[in-house]
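Asker: Here you go, one structure.
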Amino acid sequence: SSAASDVYKRQAILIVIFYSMKKFIVLLWIGLLAAFLPADCAAAVKLACLGDSITAGMGVKKEDCWVSRIAKTLDRKAEVGNFGVSARCLLFKGDRPITREKAYQDALAFKPDMLLIGLGTNDSKKVNWSHKDDFVNNYKEIITEFRKQNPKLKVYCLLPIPSQEAREGGISRECIEKEIIPLIRQVAKSTKSRVIDLNKVMKDKGSLLVDGVHPNAEGHALMAEHILLVLKGKAAE
């Protein structure tokens, strides 16, 4: 009968409405969860900073160090680890190689997605640069070791700032600029790593180096600003 047909039609319509509302409620809940959960919580990048006293932030407050400034700017987008140790060099036969430090093993265990290497300043000391023939291979070995932990690792080689110690045989600006920097560029090219030119950033900024070697807070701010521009693809070296 037509009455029974109308009843079936109404029931069919109600069923369609019910399932449509159910689907709408599920989508609404998904939308609410997306709105209240941090958008970048699952996408945090692990960024390791391996280096010497300049990376460690010697002479400035912790929050003024370039590593801390980067961490603060990136916020929840990145988990930043500072693995800088004062007076350490890259050369394995040097006086204080970074590879012998617990911080180095901690950096490997961190399994970063991005690695910033800020070494070379202390290698310019006469006692260390006597092993300069090993510099390129030692640098490559460090990169290889980190890439074993994460084959997709992005490596950034920081070019040392123009530091100069007054004492004989100490940190040498001339050695950094004429010998070490060209070798770091060579390593970066052969390992498909990127260069971040902090030497250029701190060029003619001697007044920002409190002891001729270590940047003050203003110097660290300049370095952090440039590093962030490169990491974000807004500056080309």
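Residues in the structure tokens are numbered from 1 in each chain, the chains being A, B, ... in the order shown, and ligands are numbered from 1 in the order shown.
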Just want the 8 Å neighbourhood of A:Pro215, counted on only C-alpha atoms, with same-chain residues fewer than 6 positions away dropped. Output as number ranges by chain.
Answerer: A: 54, 59, 208-209
Asker: Create the file for the chosen residues now, containing N, CA, C and O atoms and written as a compact mmCIF listing (two decimals), in the first residue's frame.
Answerer:
```txt
# COMPACT_ATOMS: atom_id res chain seq x y z
N ILE A 54 83.19 27.36 21.42
CA ILE A 54 82.30 28.34 20.79
C ILE A 54 80.89 27.75 20.68
O ILE A 54 79.89 28.43 20.89
N GLY A 59 81.95 31.75 27.93
CA GLY A 59 82.02 33.19 28.09
C GLY A 59 80.70 33.93 28.00
O GLY A 59 80.66 35.15 28.18
N LEU A 208 83.66 41.91 18.77
CA LEU A 208 82.67 40.98 19.36
C LEU A 208 83.32 39.71 19.89
O LEU A 208 82.64 38.84 20.42
N LEU A 209 84.66 39.63 19.74
CA LEU A 209 85.39 38.48 20.29
C LEU A 209 86.08 38.95 21.57
O LEU A 209 87.04 39.71 21.54
```
Asker: From the list A:Lys234, A:His220, A:Arg96, A:Lys111, which residue is nearest A:Asn128 when using only C-alpha atoms?
Answerer: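 Going through A:Lys234, A:His220, A:Arg96, A:Lys111 one by one, the smallest distance to A:Asn128 is for A:Arg96.
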Asker: Identify, on the basis of only C-alpha atoms, every residue whose closest approach to stretch 189-204 of chain A does not exceed 8 Å; exclude the query and any residue fewer than 4 positions from it along the same chain; express the result as a PDB file with C-alpha atoms, in the first residue's frame.
Answerer:
```pdb
ATOM      1  CA  LYS A 140      84.867  12.416   6.665  1.00  0.00           C
ATOM      2  CA  ILE A 143      80.337  12.284   9.072  1.00  0.00           C
ATOM      3  CA  LYS A 154      71.715  16.242   6.758  1.00  0.00           C
ATOM      4  CA  VAL A 155      75.177  17.566   7.591  1.00  0.00           C
ATOM      5  CA  TYR A 156      76.172  21.233   7.865  1.00  0.00           C
ATOM      6  CA  CYS A 157      79.869  22.117   8.133  1.00  0.00           C
ATOM      7  CA  LEU A 158      80.393  25.404   9.966  1.00  0.00           C
ATOM      8  CA  LEU A 159      83.374  27.416   8.749  1.00  0.00           C
ATOM      9  CA  PRO A 160      85.317  28.622  11.828  1.00  0.00           C
ATOM     10  CA  ILE A 161      85.145  32.273  12.790  1.00  0.00           C
ATOM     11  CA  PRO A 162      88.353  34.404  12.439  1.00  0.00           C
ATOM     12  CA  ARG A 185      84.802  23.110   1.875  1.00  0.00           C
ATOM     13  CA  GLY A 219      78.415  37.698  18.252  1.00  0.00           C
ATOM     14  CA  LEU A 222      74.729  37.122  14.624  1.00  0.00           C
ATOM     15  CA  MET A 223      75.881  33.531  14.217  1.00  0.00           C
ATOM     16  CA  HIS A 226      72.784  33.306   9.900  1.00  0.00           C
ATOM     17  CA  ILE A 227      72.624  29.597  10.770  1.00  0.00           C
ATOM     18  CA  VAL A 230      70.687  28.660   6.013  1.00  0.00           C
ATOM     19  CA  GLU A 237      76.580  30.019   0.776  1.00  0.00           C
TER      20      GLU A 237
END
```
Asker: Determine the nearest neighbour of A:Ser130 from the options A:Leu116, A:Ala103, A:Lys152, A:Gly94, counting only C-alpha atoms.
Answerer: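 Closest residue, counting only C-alpha atoms: A:Gly94.
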Asker: Given the choices A:Ile117, A:Leu91, A:Leu153, A:Ala166, which gets closest to A:Asn137 if the distance is worked out from only C-alpha atoms?
Answerer: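 Nearest candidate to A:Asn137 out of A:Ile117, A:Leu91, A:Leu153, A:Ala166: A:Leu91.
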Asker: Would you mind telling me which residue in A:Thr99, A:Ser68, A:Gln105, A:Ser53 lies nearest to A:Ser86 when using only C-alpha atoms?
Answerer: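 Of the candidates, the smallest distance to A:Ser86 is held by A:Ser53.
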Asker: Write out as a list in words all residues of stretch 30-102 of chain A that backbone DSSP assigns to strand (DSSP E).
Answerer: Val45, Lys46, Leu47, Ala48, Cys49, Leu50, Gly51, Ala78, Glu79, Val80, Gly81, Asn82, Phe83 and Gly84 of chain A
Asker: Let's have the selection written as a compact mmCIF listing (two decimals), in the first residue's frame, with C-alpha atoms.
Answerer:
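Saved the output as selection16.txt:
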```txt
# COMPACT_ATOMS: atom_id res chain seq x y z
CA VAL A 45 63.55 17.30 13.98
CA LYS A 46 66.54 16.16 16.05
CA LEU A 47 69.37 18.64 15.55
CA ALA A 48 72.82 17.97 17.04
CA CYS A 49 75.49 20.65 17.40
CA LEU A 50 78.97 19.14 17.72
CA GLY A 51 81.85 21.47 18.42
CA ALA A 78 63.19 20.73 16.72
CA GLU A 79 64.88 18.93 19.59
CA VAL A 80 68.29 20.57 19.77
CA GLY A 81 71.28 18.98 21.49
CA ASN A 82 74.44 20.91 22.39
CA PHE A 83 77.44 18.59 22.25
CA GLY A 84 80.14 21.23 22.39
```
Asker: Could you name the residues that touch A:Glu63 at 10 Å or less, counting only C-alpha atoms, but leaving out those on the same chain fewer than 6 positions away, as a ChimeraX atom specification?
Answerer: /A:57,69-72,217
Asker: Rounded to one decimal, what separation in Å do you get between atom CA of A:Pro182 and atom CA of A:Asn122?
Answerer: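 Taking atom CA of A:Pro182 as the start and atom CA of A:Asn122 as the end point, the length is 15.9 Å.
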